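K.L.:
Just protein_38.txt, nothing more (compact mmCIF, C-alpha atoms and all ligand atoms):
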# COMPACT_ATOMS: atom_id res chain seq x y z
CA MET Z 1 2.36 -18.79 6.47
CA ALA Z 2 6.12 -18.85 6.98
CA VAL Z 3 7.76 -17.82 10.23
CA PHE Z 4 10.86 -15.64 10.11
CA VAL Z 5 13.92 -17.16 11.78
CA LEU Z 6 16.98 -15.44 13.21
CA ASP Z 7 20.16 -17.10 14.41
CA LYS Z 8 21.76 -16.66 17.84
CA ARG Z 9 23.37 -13.40 16.70
CA LYS Z 10 20.10 -12.03 15.25
CA LYS Z 11 21.22 -12.59 11.65
CA PRO Z 12 18.40 -13.73 9.34
CA LEU Z 13 18.07 -17.39 8.33
CA MET Z 14 15.58 -18.96 5.91
CA PRO Z 15 11.98 -18.64 7.11
CA CYS Z 16 10.45 -21.95 8.30
CA SER Z 17 6.97 -23.42 8.47
CA GLU Z 18 4.62 -22.79 11.39
CA LYS Z 19 4.92 -26.45 12.39
CA ARG Z 20 8.70 -26.35 12.48
CA ALA Z 21 8.62 -23.13 14.51
CA ARG Z 22 6.26 -24.74 17.03
CA GLN Z 23 8.61 -27.72 17.41
CA LEU Z 24 11.63 -25.48 17.92
CA LEU Z 25 9.80 -23.42 20.54
CA GLU Z 26 8.49 -26.51 22.38
CA ARG Z 27 11.94 -28.06 22.55
CA GLY Z 28 13.38 -24.84 23.90
CA ARG Z 29 15.69 -24.45 20.89
CA ALA Z 30 14.16 -21.11 19.99
CA VAL Z 31 12.54 -18.08 21.60
CA VAL Z 32 9.96 -15.69 20.24
CA HIS Z 33 11.82 -12.66 18.92
CA ARG Z 34 8.88 -10.62 17.65
CA MET Z 35 5.13 -11.14 17.36
CA TYR Z 36 4.36 -9.04 14.27
CA PRO Z 37 5.54 -10.39 11.87
CA PHE Z 38 6.04 -13.58 13.86
CA THR Z 39 9.77 -14.22 14.22
CA ILE Z 40 11.69 -16.75 16.28
CA ARG Z 41 15.34 -16.70 17.28
CA LEU Z 42 17.38 -19.89 17.54
CA ARG Z 43 19.37 -20.20 20.75
CA ASP Z 44 22.00 -22.63 19.52
CA ARG Z 45 22.80 -21.83 15.92
CA VAL Z 46 24.96 -19.30 14.09
CA GLY Z 47 24.62 -19.00 10.32
CA GLY Z 48 23.05 -21.45 7.88
CA ALA Z 49 22.35 -22.11 4.21
CA LEU Z 50 20.48 -19.20 2.60
CA GLN Z 51 18.49 -18.82 -0.59
CA PRO Z 52 17.93 -15.34 -1.96
CA LEU Z 53 14.49 -13.89 -1.30
CA GLU Z 54 12.75 -11.05 -3.09
CA VAL Z 55 10.61 -8.29 -1.59
CA ARG Z 56 7.89 -7.18 -4.00
CA ILE Z 57 5.98 -3.95 -3.59
CA ASP Z 58 2.74 -2.69 -5.11
CA PRO Z 59 2.44 0.93 -3.95
CA GLY Z 60 -1.05 2.35 -3.61
CA SER Z 61 -2.47 5.61 -2.35
CA LYS Z 62 -4.40 4.15 0.61
CA SER Z 63 -2.69 0.77 0.97
CA THR Z 64 0.61 -0.66 -0.18
CA GLY Z 65 1.02 -4.40 -0.74
CA VAL Z 66 4.27 -6.09 0.25
CA ALA Z 67 5.22 -9.72 -0.40
CA VAL Z 68 8.34 -11.75 0.40
CA VAL Z 69 8.89 -14.41 -2.23
CA ARG Z 70 11.38 -17.23 -2.73
CA LYS Z 71 12.28 -17.64 -6.39
CA ASP Z 72 12.85 -21.26 -7.43
CA ALA Z 73 13.51 -22.56 -10.92
CA GLU Z 74 9.87 -22.67 -12.05
CA THR Z 75 7.72 -21.54 -9.16
CA ASP Z 76 7.71 -18.55 -6.84
CA THR Z 77 6.76 -19.36 -3.26
CA VAL Z 78 5.09 -16.64 -1.22
CA LEU Z 79 6.52 -16.57 2.31
CA HIS Z 80 4.97 -13.40 3.68
CA LEU Z 81 2.07 -11.18 2.65
CA ALA Z 82 1.54 -7.76 4.17
CA GLN Z 83 -0.57 -4.71 3.55
CA ILE Z 84 0.42 -1.29 4.87
CA ASP Z 85 -2.64 0.92 5.46
CA HIS Z 86 -1.37 4.48 5.13
CA ARG Z 87 -2.69 7.48 7.03
CA GLY Z 88 -2.07 10.20 4.46
CA ALA Z 89 -5.56 11.63 4.96
CA LYS Z 90 -4.98 11.97 8.73
CA ILE Z 91 -1.65 13.71 8.21
CA ARG Z 92 -3.20 16.10 5.73
CA LYS Z 93 -6.01 16.92 8.14
CA ASP Z 94 -3.61 17.45 11.07
CA LEU Z 95 -1.42 19.81 9.05
CA GLN Z 96 -4.42 21.77 7.86
CA ALA Z 97 -5.54 22.14 11.47
CA ARG Z 98 -2.07 23.31 12.47
CA ALA Z 99 -2.01 25.84 9.63
CA ALA Z 100 -5.40 27.15 10.75
CA PHE Z 101 -4.22 27.60 14.36
CA ARG Z 102 -1.10 29.44 13.19
CA ARG Z 103 -3.07 31.64 10.83
CA ARG Z 104 -5.48 32.63 13.58
CA ARG Z 105 -2.67 33.38 16.01
CA ARG Z 106 -0.79 35.51 13.49
CA GLY Z 107 -3.93 37.42 12.55
CA ALA Z 108 -4.76 37.98 16.22
CA ASN Z 109 -1.44 39.55 17.18
CA LEU Z 110 -0.06 41.21 14.09
CA ARG Z 111 -1.32 43.74 11.59
CA TYR Z 112 -1.07 42.76 7.95
CA ARG Z 113 2.41 43.15 6.53
CA ALA Z 114 3.29 42.48 2.92
CA PRO Z 115 5.61 39.49 2.44
CA ARG Z 116 9.26 40.55 2.38
CA PHE Z 117 10.87 37.29 1.32
CA ASP Z 118 9.90 34.46 -0.92
CA ASN Z 119 10.76 31.72 1.53
CA ARG Z 120 8.08 29.39 0.21
CA ARG Z 121 10.19 27.68 -2.42
CA ARG Z 122 10.28 23.90 -2.26
CA SER Z 123 13.29 21.79 -3.14
CA ASP Z 124 13.10 19.63 -6.25
CA GLY Z 125 12.22 16.27 -4.77
CA TRP Z 126 9.68 17.72 -2.34
CA LEU Z 127 6.60 15.65 -1.63
CA ALA Z 128 3.65 16.70 0.54
CA PRO Z 129 4.01 15.22 4.06
CA SER Z 130 1.02 12.93 3.50
CA LEU Z 131 2.77 11.47 0.42
CA GLN Z 132 6.23 11.41 1.98
CA HIS Z 133 4.71 9.29 4.75
CA ARG Z 134 3.78 6.62 2.19
CA VAL Z 135 7.38 6.49 1.01
CA ASP Z 136 8.80 6.46 4.55
CA THR Z 137 6.56 3.72 5.96
CA THR Z 138 7.18 1.50 2.92
CA VAL Z 139 10.95 1.97 3.08
CA SER Z 140 10.95 1.26 6.81
CA ASP Z 141 8.91 -1.92 6.29
CA VAL Z 142 11.39 -3.13 3.68
CA ALA Z 143 14.23 -2.35 6.10
CA LYS Z 144 12.46 -4.40 8.78
CA LEU Z 145 11.99 -7.35 6.41
CA ARG Z 146 15.67 -7.20 5.48
CA ARG Z 147 16.53 -7.64 9.15
CA LEU Z 148 14.24 -10.68 9.43
CA ALA Z 149 14.90 -12.52 6.16
CA PRO Z 150 17.75 -12.92 3.66
CA VAL Z 151 16.39 -10.44 1.13
CA ALA Z 152 18.56 -10.23 -1.98
CA SER Z 153 16.44 -8.16 -4.35
CA ILE Z 154 13.55 -5.71 -4.44
CA ALA Z 155 10.91 -5.46 -7.17
CA GLN Z 156 8.45 -2.60 -7.40
CA GLU Z 157 5.47 -1.78 -9.57
CA LEU Z 158 6.50 1.64 -10.87
CA VAL Z 159 4.04 2.66 -13.57
CA ARG Z 160 0.50 1.71 -14.48
CA PHE Z 161 1.41 0.78 -18.01
CA ASP Z 162 4.64 0.38 -19.94
CA MET Z 163 4.71 3.31 -22.37
CA GLN Z 164 7.80 2.18 -24.23
CA ALA Z 165 6.22 -1.20 -24.79
CA LEU Z 166 3.06 0.44 -26.18
CA GLU Z 167 5.05 2.46 -28.68
CA THR Z 168 7.50 -0.22 -29.76
CA PRO Z 169 5.98 -3.60 -28.93
CA GLU Z 170 8.62 -5.58 -30.81
CA ILE Z 171 11.40 -4.78 -28.34
CA SER Z 172 9.84 -6.30 -25.29
CA GLY Z 173 10.09 -10.02 -25.62
CA VAL Z 174 7.84 -12.91 -26.43
CA GLU Z 175 4.91 -11.94 -24.14
CA TYR Z 176 4.46 -8.73 -26.11
CA GLN Z 177 4.90 -10.31 -29.52
CA GLN Z 178 2.17 -12.81 -28.76
CA GLY Z 179 -0.03 -9.92 -27.77
CA ALA Z 180 -1.30 -11.22 -24.43
CA LEU Z 181 0.66 -8.87 -22.18
CA ALA Z 182 0.38 -6.01 -24.69
CA GLY Z 183 -3.41 -6.21 -24.29
CA TYR Z 184 -3.07 -5.61 -20.55
CA GLU Z 185 -0.76 -2.65 -21.04
CA VAL Z 186 -3.22 -1.13 -23.52
CA ARG Z 187 -6.09 -1.61 -21.08
CA GLU Z 188 -4.20 0.04 -18.22
CA TYR Z 189 -3.26 2.89 -20.55
CA LEU Z 190 -6.87 3.39 -21.65
CA LEU Z 191 -8.14 3.33 -18.05
CA GLU Z 192 -5.70 6.10 -17.22
CA LYS Z 193 -6.41 8.11 -20.37
CA TRP Z 194 -10.21 7.91 -20.19
CA GLY Z 195 -10.50 8.36 -16.44
CA ARG Z 196 -11.90 4.89 -15.64
CA CYS Z 197 -15.37 5.63 -16.97
CA CYS Z 198 -17.45 4.99 -20.09
CA ALA Z 199 -16.51 7.49 -22.80
CA TYR Z 200 -20.08 7.63 -24.18
CA CYS Z 201 -22.23 7.90 -21.05
CA GLY Z 202 -19.74 8.57 -18.24
CA ALA Z 203 -20.77 5.52 -16.18
CA GLU Z 204 -18.27 4.71 -13.44
CA GLY Z 205 -17.73 1.52 -11.49
CA VAL Z 206 -19.10 -0.71 -14.27
CA PRO Z 207 -17.18 -3.26 -16.33
CA LEU Z 208 -15.59 -1.41 -19.26
CA GLN Z 209 -14.82 -2.86 -22.68
CA VAL Z 210 -12.14 -1.73 -25.08
CA GLU Z 211 -13.96 -0.02 -27.92
CA HIS Z 212 -12.94 1.23 -31.38
CA ILE Z 213 -13.90 4.88 -31.83
CA ARG Z 214 -13.97 4.37 -35.60
CA ALA Z 215 -15.33 0.86 -35.96
CA ARG Z 216 -13.17 -1.88 -37.51
CA ALA Z 217 -15.97 -2.43 -40.06
CA LEU Z 218 -15.51 1.17 -41.25
CA GLY Z 219 -11.77 0.76 -41.59
CA GLY Z 220 -10.82 1.97 -38.10
CA SER Z 221 -7.36 0.88 -36.96
CA ASN Z 222 -6.20 -1.04 -33.87
CA ARG Z 223 -3.90 1.79 -32.81
CA VAL Z 224 -4.32 3.01 -29.24
CA SER Z 225 -5.34 6.46 -30.51
CA ASN Z 226 -8.46 4.82 -32.02
CA LEU Z 227 -9.36 3.00 -28.83
CA THR Z 228 -11.49 4.04 -25.88
CA LEU Z 229 -13.48 2.40 -23.10
CA ALA Z 230 -17.24 1.91 -23.08
CA CYS Z 231 -19.74 0.18 -20.83
CA GLY Z 232 -21.53 -2.89 -22.19
CA PRO Z 233 -24.81 -1.16 -23.15
CA CYS Z 234 -23.05 1.75 -24.94
CA ASN Z 235 -20.77 -0.65 -26.78
CA GLN Z 236 -23.82 -2.63 -27.94
CA ALA Z 237 -25.82 0.47 -28.86
CA LYS Z 238 -23.03 2.05 -30.88
CA GLY Z 239 -22.22 -1.07 -32.86
CA ALA Z 240 -20.53 -0.07 -36.12
CA GLN Z 241 -22.02 3.45 -36.28
CA PRO Z 242 -19.63 6.35 -36.75
CA VAL Z 243 -19.11 8.12 -33.43
CA GLU Z 244 -20.42 11.39 -34.93
CA VAL Z 245 -23.78 9.69 -35.58
CA PHE Z 246 -23.91 7.88 -32.25
CA LEU Z 247 -23.21 11.03 -30.22
CA ALA Z 248 -25.11 13.42 -32.52
CA ARG Z 249 -27.43 14.39 -29.66
CA ASP Z 250 -24.55 15.27 -27.31
CA PRO Z 251 -22.15 17.51 -29.28
CA ALA Z 252 -20.24 18.62 -26.15
CA ARG Z 253 -19.33 15.05 -25.25
CA LEU Z 254 -18.44 14.30 -28.87
CA ALA Z 255 -16.04 17.24 -28.99
CA ARG Z 256 -14.43 16.19 -25.69
CA LEU Z 257 -14.10 12.61 -26.86
CA LEU Z 258 -12.45 13.53 -30.17
CA ALA Z 259 -10.04 15.92 -28.43
CA GLN Z 260 -9.14 13.33 -25.82
CA ALA Z 261 -8.58 10.68 -28.49
CA LYS Z 262 -5.99 12.89 -30.21
CA ARG Z 263 -4.02 13.56 -27.03
CA PRO Z 264 -0.54 12.13 -27.38
CA LEU Z 265 0.56 9.12 -25.38
CA ARG Z 266 2.93 11.05 -23.17
CA ASP Z 267 0.29 13.40 -21.74
CA ALA Z 268 -1.87 10.55 -20.54
CA ALA Z 269 1.04 8.97 -18.69
CA ALA Z 270 0.38 10.81 -15.46
CA VAL Z 271 3.68 10.32 -13.70
CA ASN Z 272 2.99 9.16 -10.18
CA SER Z 273 5.49 11.16 -8.17
CA THR Z 274 5.09 9.06 -5.02
CA ARG Z 275 6.00 5.86 -6.86
CA TRP Z 276 9.11 7.46 -8.30
CA ALA Z 277 10.06 8.90 -4.93
CA LEU Z 278 9.65 5.43 -3.41
CA LYS Z 279 11.94 3.93 -6.05
CA THR Z 280 14.55 6.63 -5.43
CA ALA Z 281 14.35 6.19 -1.65
CA LEU Z 282 14.62 2.39 -1.89
CA GLU Z 283 17.59 2.62 -4.24
CA ALA Z 284 19.38 5.09 -2.00
CA ARG Z 285 19.18 2.66 0.92
CA PHE Z 286 19.18 -0.82 -0.53
CA GLY Z 287 20.70 -0.64 -4.03
CA PRO Z 288 19.05 -1.28 -7.41
CA VAL Z 289 15.30 -1.91 -7.54
CA ARG Z 290 13.74 -3.89 -10.39
CA VAL Z 291 10.69 -2.04 -11.71
CA PHE Z 292 7.68 -3.32 -13.63
CA SER Z 293 4.36 -2.03 -14.94
CA GLY Z 294 0.89 -2.47 -13.48
CA GLY Z 295 -0.23 -4.02 -16.77
CA ARG Z 296 2.19 -6.88 -16.14
CA THR Z 297 0.94 -7.33 -12.58
CA LYS Z 298 -2.65 -7.60 -13.82
CA TRP Z 299 -1.62 -9.98 -16.60
CA ASN Z 300 0.19 -12.22 -14.09
CA ARG Z 301 -2.75 -12.16 -11.72
CA SER Z 302 -5.31 -13.19 -14.34
CA ARG Z 303 -2.99 -15.78 -15.92
CA LEU Z 304 -2.27 -17.40 -12.53
CA GLY Z 305 -5.95 -17.25 -11.54
CA VAL Z 306 -5.33 -15.61 -8.16
CA PRO Z 307 -7.75 -13.16 -6.50
CA LYS Z 308 -7.10 -9.44 -6.24
CA SER Z 309 -5.73 -7.92 -3.06
CA HIS Z 310 -2.98 -5.43 -2.34
CA ALA Z 311 -0.64 -8.09 -0.98
CA ILE Z 312 -1.31 -10.66 -3.71
CA ASP Z 313 -0.86 -7.96 -6.35
CA ALA Z 314 2.54 -7.32 -4.81
CA ALA Z 315 3.39 -11.03 -5.10
CA CYS Z 316 2.45 -10.80 -8.82
CA VAL Z 317 4.86 -7.93 -9.58
CA GLY Z 318 7.56 -8.84 -12.10
CA GLU Z 319 8.26 -12.00 -14.08
CA VAL Z 320 6.21 -14.74 -12.43
CA GLU Z 321 5.93 -18.20 -14.00
CA ALA Z 322 3.86 -19.82 -11.28
CA LEU Z 323 2.91 -18.79 -7.77
CA ARG Z 324 2.54 -20.93 -4.66
CA GLY Z 325 1.42 -20.07 -1.15
CA TRP Z 326 -0.53 -16.92 -2.11
CA ASP Z 327 -3.51 -18.09 -0.01
CA ALA Z 328 -1.72 -17.39 3.28
CA PRO Z 329 -3.25 -14.79 5.64
CA THR Z 330 -2.17 -11.19 5.08
CA LEU Z 331 -0.63 -9.18 7.91
CA VAL Z 332 -2.22 -5.70 7.96
CA LEU Z 333 -0.03 -2.88 9.29
CA ARG Z 334 -2.31 0.06 10.01
CA CYS Z 335 -0.23 3.22 10.31
CA THR Z 336 -1.35 4.92 13.50
CA GLY Z 337 1.56 7.11 14.50
CA ARG Z 338 2.91 7.16 18.04
CA GLY Z 339 0.39 9.51 19.58
CA SER Z 340 0.79 13.24 19.96
CA HIS Z 341 2.54 15.66 22.28
CA CYS Z 342 -0.63 17.70 22.47
CA ARG Z 343 -2.36 17.10 25.82
CA THR Z 344 -5.49 19.02 24.90
CA ARG Z 345 -7.95 17.50 22.48
CA LEU Z 346 -10.22 19.91 20.64
CA ASP Z 347 -13.77 19.38 19.50
CA ARG Z 348 -14.74 20.32 16.00
CA PHE Z 349 -15.31 23.96 16.98
CA GLY Z 350 -11.82 24.27 18.44
CA PHE Z 351 -12.85 24.20 22.11
CA PRO Z 352 -10.88 22.03 24.52
CA ARG Z 353 -12.44 18.71 25.27
CA GLY Z 354 -11.65 16.18 27.98
CA VAL Z 355 -8.48 15.95 30.05
CA LEU Z 356 -5.50 13.86 29.00
CA THR Z 357 -3.13 12.53 31.62
CA ARG Z 358 0.43 13.85 31.88
CA SER Z 359 1.76 10.31 31.93
CA LYS Z 360 1.36 8.21 28.80
CA THR Z 361 1.72 4.96 30.75
CA ALA Z 362 -1.00 3.30 32.84
CA PHE Z 363 -0.49 0.02 34.71
CA GLY Z 364 2.52 -0.79 32.53
CA PHE Z 365 0.73 -0.29 29.22
CA ARG Z 366 0.90 2.50 26.66
CA THR Z 367 -1.57 3.39 23.97
CA GLY Z 368 -0.43 1.53 20.84
CA ASP Z 369 0.82 -1.64 22.56
CA MET Z 370 -0.44 -4.92 21.13
CA VAL Z 371 -2.13 -6.91 23.88
CA ARG Z 372 -4.07 -10.10 24.42
CA ALA Z 373 -6.93 -9.79 26.87
CA GLU Z 374 -8.64 -12.85 28.32
CA VAL Z 375 -11.82 -11.69 29.98
CA PRO Z 376 -13.24 -14.50 32.15
CA ALA Z 377 -16.84 -13.32 32.49
CA GLY Z 378 -19.30 -10.56 31.70
CA ALA Z 379 -20.49 -8.92 28.49
CA ARG Z 380 -16.97 -8.89 27.05
CA ALA Z 381 -16.03 -12.44 28.05
CA GLY Z 382 -13.55 -14.12 25.71
CA ALA Z 383 -10.13 -13.46 24.20
CA HIS Z 384 -9.39 -10.18 22.43
CA VAL Z 385 -6.17 -9.45 20.56
CA GLY Z 386 -5.40 -5.98 19.32
CA ARG Z 387 -4.01 -2.53 19.83
CA VAL Z 388 -4.77 -1.06 23.22
CA ALA Z 389 -5.85 2.49 24.08
CA ILE Z 390 -5.19 3.15 27.76
CA ARG Z 391 -7.18 5.06 30.35
CA ALA Z 392 -5.86 6.19 33.72
CA THR Z 393 -8.73 4.28 35.36
CA GLY Z 394 -7.31 0.98 34.06
CA SER Z 395 -10.35 0.36 31.89
CA PHE Z 396 -8.84 -0.03 28.42
CA ASN Z 397 -10.16 -0.13 24.87
CA ILE Z 398 -8.83 -2.77 22.47
CA GLN Z 399 -8.92 -2.27 18.71
CA THR Z 400 -9.35 -5.81 17.35
CA ALA Z 401 -9.76 -6.88 13.74
CA ALA Z 402 -13.52 -7.13 14.35
CA GLY Z 403 -13.89 -3.71 15.98
CA VAL Z 404 -13.27 -1.86 19.24
CA VAL Z 405 -13.85 -3.70 22.52
CA GLN Z 406 -14.44 -1.08 25.20
CA GLY Z 407 -13.84 -1.19 28.91
CA VAL Z 408 -11.48 -4.15 29.34
CA SER Z 409 -9.66 -4.15 32.67
CA HIS Z 410 -5.87 -3.90 32.59
CA ARG Z 411 -5.74 -6.99 34.83
CA HIS Z 412 -6.90 -9.19 31.94
CA CYS Z 413 -4.34 -7.77 29.48
CA ARG Z 414 -1.05 -9.39 28.57
CA LEU Z 415 1.54 -7.48 26.53
CA LEU Z 416 2.35 -9.03 23.13
CA GLN Z 417 4.48 -6.30 21.61
CA ARG Z 418 5.31 -2.71 22.48
CA GLY Z 419 3.71 -0.04 20.33
CA ASP Z 420 5.76 0.90 17.27
CA GLY Z 421 3.40 3.17 15.37
CA TYR Z 422 1.36 0.40 13.76
CA GLY Z 423 -1.78 -1.52 14.66
CA TYR Z 424 -1.49 -5.14 13.53
CA SER Z 425 -4.23 -7.50 12.43
CA PHE Z 426 -4.75 -10.26 9.89
CA LEU Z 427 -6.88 -10.45 6.80
CA ALA Z 428 -8.47 -13.86 6.44
CA ARG Z 429 -7.12 -16.28 3.85
CA SER Z 430 -8.21 -15.33 0.36
CA ALA Z 431 -10.73 -17.66 -1.25
ZN ZN T 501 -21.78 3.86 -21.31
How would this structure read if it were set down as C-alpha cells?
Ligand SMILES: [Zn+2]
P.N.:
Amino acid sequence: MAVFVLDKRKKPLMPCSEKRARQLLERGRAVVHRMYPFTIRLRDRVGGALQPLEVRIDPGSKSTGVAVVRKDAETDTVLHLAQIDHRGAKIRKDLQARAAFRRRRRGANLRYRAPRFDNRRRSDGWLAPSLQHRVDTTVSDVAKLRRLAPVASIAQELVRFDMQALETPEISGVEYQQGALAGYEVREYLLEKWGRCCAYCGAEGVPLQVEHIRARALGGSNRVSNLTLACGPCNQAKGAQPVEVFLARDPARLARLLAQAKRPLRDAAAVNSTRWALKTALEARFGPVRVFSGGRTKWNRSRLGVPKSHAIDAACVGEVEALRGWDAPTLVLRCTGRGSHCRTRLDRFGFPRGVLTRSKTAFGFRTGDMVRAEVPAGARAGAHVGRVAIRATGSFNIQTAAGVVQGVSHRHCRLLQRGDGYGYSFLARSA
C-alpha cells in the first residue's frame, strides 16, 4: 500500500512505498503528517516531479468505494483503496425521532389549527438528509485525497447500465461491436428491469441466467425486450416451451411478466438521484468528472479476474487495460458523526437514561479519537487500535476492527489521531 507524501510546504508529492516511507522516517527526513490515511511530510524538500493520479468512485447506498490510481501507458497502478461506510440509516432514524418529539410537543401545547401556508415546498435539487450525507462525505473524502496526492482527474460510476449503448450499440467503440461489453450492459439492465429475481418463480439471491421469453428455437429475437432473467432450474424446465404454456398454471405471473417485458427501456432506467447529485457536487468543486456505467465496471472486473469489493470496484471504473496493486488492504472510513449536543440519552420508550458528563473530554481524550492501547496484563492484555469512547471514570471502550474492547484504562492509551467524524479500520488483503 502506498504512503501519501507531502513536501515541506504541505503540497502533495507522488505517493511512495511503505519501505521508502520507513527509511525517510528513520533518517529523520520526514515526519508523520497523518495516520489515516497514512501520510508523511518531508522536512527538507519543496516540490518534485508529479504524475497525474485519478480518483475513482463507485457510489453505493451503504458503502462507497474510492480508489486512487496512477495511469501508466498500459497498466493502472492502485495506490490507495478506501471504503466509506455511510450512516444514512442512523440519520434517518434520528430525524424521525426529532420529528416525533416536535409533533408531541406541538400537540401538547396547541389546539389543532389548519395550515395557513404551504411552506413545505422543496427546492429542485433537494435530497433527503440521509442521501445528502452520502454526497457530502464522498465529496469531502475526495477533497482530502486532493490535499494528499496530485489528483488530476475524477472518474465516477454514474449509471448501472449505459442506455444509449443498449439502443445504438454501433456508436460505442470496439468493445461494444465485439459484443463482450454489450453483454454486461444488457445484464445490468435486465437486473434492474426484473428486480434481481427469477421472472418465473421469484427466487432471489440465486445465480440468474439471461433467458429468452420467446425461445430462439421458436423464432424469438435477441432484442432486450425479449430477454428476462431466470434461475437455473426454471431456465432448464422452460426449455423451448412458449411462456404461455410454461406459466399456464400461474396466469397472474404470466400477465405481469408480459406487461413488464413490454415496458420501454426508459422506464426501467431508474435514475439514481444520489449518484447524479454526487456528480453535480463533484463538478461544482473540482471540475469535470468522467462518468461510466456499472456494466463497464463489472466487465472490467471479470476480465481482469479481480475479486468484488466496493474499493476494487471503484478501481475498475472507466477504461482499464490492466490493473496492478489491487490486493492492497482497504482503509474503511466508518461515518460516525461527531457526537451530539444532546446530554440526555433516551431509552426506547422515551424516558431519560443514564447521565452524560458536561465535558466531552476525559484525561485528554474525546470520544471519536483514534488510539492505540497497550494493556500489559489482565483479561484485555495486548495491543488494541481503534476509535475510543470515553468515560469520566477513565475506563474507556475501544472499537477495534475485531469488535469492542471494554474497560481499557486511559493510562494505557496513546493518541493516534484526533476524532474527525470517522472510525478507521482496515479490511484484510483480498484473496
Ligand atoms: Zn426460478
K.L.:
So which residues are near ligand ZN 501 (chain T), meaning at most 7 Å away with all atoms listed in the file counted, given back as a list in words?
P.N.:
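The residues near ligand ZN 501 (chain T) are Cys198, Ala199, Tyr200, Cys201, Gly202, Ala203, Ala230, Cys231, Gly232, Pro233 and Cys234 of chain Z.
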K.L.:
Just write the chosen residues, C-alpha atoms, as a short mmCIF file (atom, residue, chain, number, x, y, z; two decimals), keeping the file's coordinate frame.
P.N.:
data_model
loop_
_atom_site.label_atom_id
_atom_site.label_comp_id
_atom_site.auth_asym_id
_atom_site.auth_seq_id
_atom_site.Cartn_x
_atom_site.Cartn_y
_atom_site.Cartn_z
CA CYS Z 198 -17.45 4.99 -20.09
CA ALA Z 199 -16.51 7.49 -22.80
CA TYR Z 200 -20.08 7.63 -24.18
CA CYS Z 201 -22.23 7.90 -21.05
CA GLY Z 202 -19.74 8.57 -18.24
CA ALA Z 203 -20.77 5.52 -16.18
CA ALA Z 230 -17.24 1.91 -23.08
CA CYS Z 231 -19.74 0.18 -20.83
CA GLY Z 232 -21.53 -2.89 -22.19
CA PRO Z 233 -24.81 -1.16 -23.15
CA CYS Z 234 -23.05 1.75 -24.94
#
K.L.:
Please provide as a VMD selection string all residues within 10 Å of Z:Gly407, with the sequence filter that same-chain residues fewer than 6 positions apart are discarded (counting all atoms listed in the file).
P.N.:
chain Z and resid 380 390 to 391 393 to 398
K.L.:
Under the rule that all atoms listed in the file are counted, which of Z:Arg223, Z:Lys360, Z:Arg105, Z:Arg43 is the nearest residue to Z:Lys262?
P.N.:
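Looking at the shortest contact to Z:Lys262, the residue is Z:Arg223.
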K.L.:
For the atom pair atom CA of Z:Arg92 and atom CA of Z:Ser140, what is the interatomic distance in Å to one decimal place?
P.N.:
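It comes out at 20.5 Å.
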K.L.:
Could you name the residues that touch Z:Arg87 at 10 Å or less, counting only C-alpha atoms, but leaving out those on the same chain fewer than 3 positions away, as a ChimeraX atom specification?
P.N.:
/Z:61-63,84,90-92,130-131,133-134,334-337
K.L.:
For the atom pair atom CA of Z:Val404 and atom CA of Z:Arg418, what is the interatomic distance in Å to one decimal place?
P.N.:
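These two atoms are separated by 18.9 Å.
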K.L.:
Measure the distance from atom CA of Z:Val68 to atom CA of Z:Val385 in Å and round it to one decimal.
P.N.:
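Distance between the two atoms: 24.9 Å.
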K.L.:
Please provide as a ChimeraX atom specification all residues within 12 Å of Z:Pro12, with the sequence filter that same-chain residues fewer than 3 positions apart are discarded (counting all atoms listed in the file).
P.N.:
/Z:3-9,15-16,33,39-42,45-53,144-152
K.L.:
Given the selection you just returned, output its residues as a file containing C-alpha atoms, formatted as a compact mmCIF listing (two decimals), keeping the file's coordinate frame.
P.N.:
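For reference, result.txt as written:
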# COMPACT_ATOMS: atom_id res chain seq x y z
CA VAL Z 3 7.76 -17.82 10.23
CA PHE Z 4 10.86 -15.64 10.11
CA VAL Z 5 13.92 -17.16 11.78
CA LEU Z 6 16.98 -15.44 13.21
CA ASP Z 7 20.16 -17.10 14.41
CA LYS Z 8 21.76 -16.66 17.84
CA ARG Z 9 23.37 -13.40 16.70
CA PRO Z 15 11.98 -18.64 7.11
CA CYS Z 16 10.45 -21.95 8.30
CA HIS Z 33 11.82 -12.66 18.92
CA THR Z 39 9.77 -14.22 14.22
CA ILE Z 40 11.69 -16.75 16.28
CA ARG Z 41 15.34 -16.70 17.28
CA LEU Z 42 17.38 -19.89 17.54
CA ARG Z 45 22.80 -21.83 15.92
CA VAL Z 46 24.96 -19.30 14.09
CA GLY Z 47 24.62 -19.00 10.32
CA GLY Z 48 23.05 -21.45 7.88
CA ALA Z 49 22.35 -22.11 4.21
CA LEU Z 50 20.48 -19.20 2.60
CA GLN Z 51 18.49 -18.82 -0.59
CA PRO Z 52 17.93 -15.34 -1.96
CA LEU Z 53 14.49 -13.89 -1.30
CA LYS Z 144 12.46 -4.40 8.78
CA LEU Z 145 11.99 -7.35 6.41
CA ARG Z 146 15.67 -7.20 5.48
CA ARG Z 147 16.53 -7.64 9.15
CA LEU Z 148 14.24 -10.68 9.43
CA ALA Z 149 14.90 -12.52 6.16
CA PRO Z 150 17.75 -12.92 3.66
CA VAL Z 151 16.39 -10.44 1.13
CA ALA Z 152 18.56 -10.23 -1.98
K.L.:
For Z:Val139, list every protein, DNA or RNA residue within 8 Å, evaluated using only C-alpha atoms, and leave out those in the same chain fewer than 6 positions away; present the list as an NGL selection string.
P.N.:
:Z and (278 or 281-282)
K.L.:
If we count only C-alpha atoms and set the cut-off at 8 Å, which residues sit around Z:Leu227, ignoring sequence neighbours fewer than 2 positions away in its own chain? Please answer as a PyMOL selection string.
P.N.:
chain Z and resi 190+210-213+222-225+229+261
K.L.:
Report, as lines of an AutoDock Vina configuration file, the centre and edge lengths in Å (one decimal) of the axis-aligned box enclosing every listed atom of stretch 83-98 of chain Z, padded by 6 Å on each side.
P.N.:
center_x = -2.8
center_y = 9.3
center_z = 8.0
size_x = 18.4
size_y = 40.0
size_z = 20.9
K.L.:
Determine the nearest neighbour of Z:Asp162 from the options Z:Val55, Z:Phe101, Z:Gly325, Z:Thr297, counting all atoms listed in the file.
P.N.:
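Between Z:Val55, Z:Phe101, Z:Gly325, Z:Thr297, the residue approaching Z:Asp162 most closely is Z:Thr297.
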K.L.:
Here is a test: counting all atoms listed in the file, which residue of Z:Leu427, Z:Leu356, Z:Leu181, Z:Leu13 is nearest to Z:Ser302?
P.N.:
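Between Z:Leu427, Z:Leu356, Z:Leu181, Z:Leu13, the residue approaching Z:Ser302 most closely is Z:Leu181.
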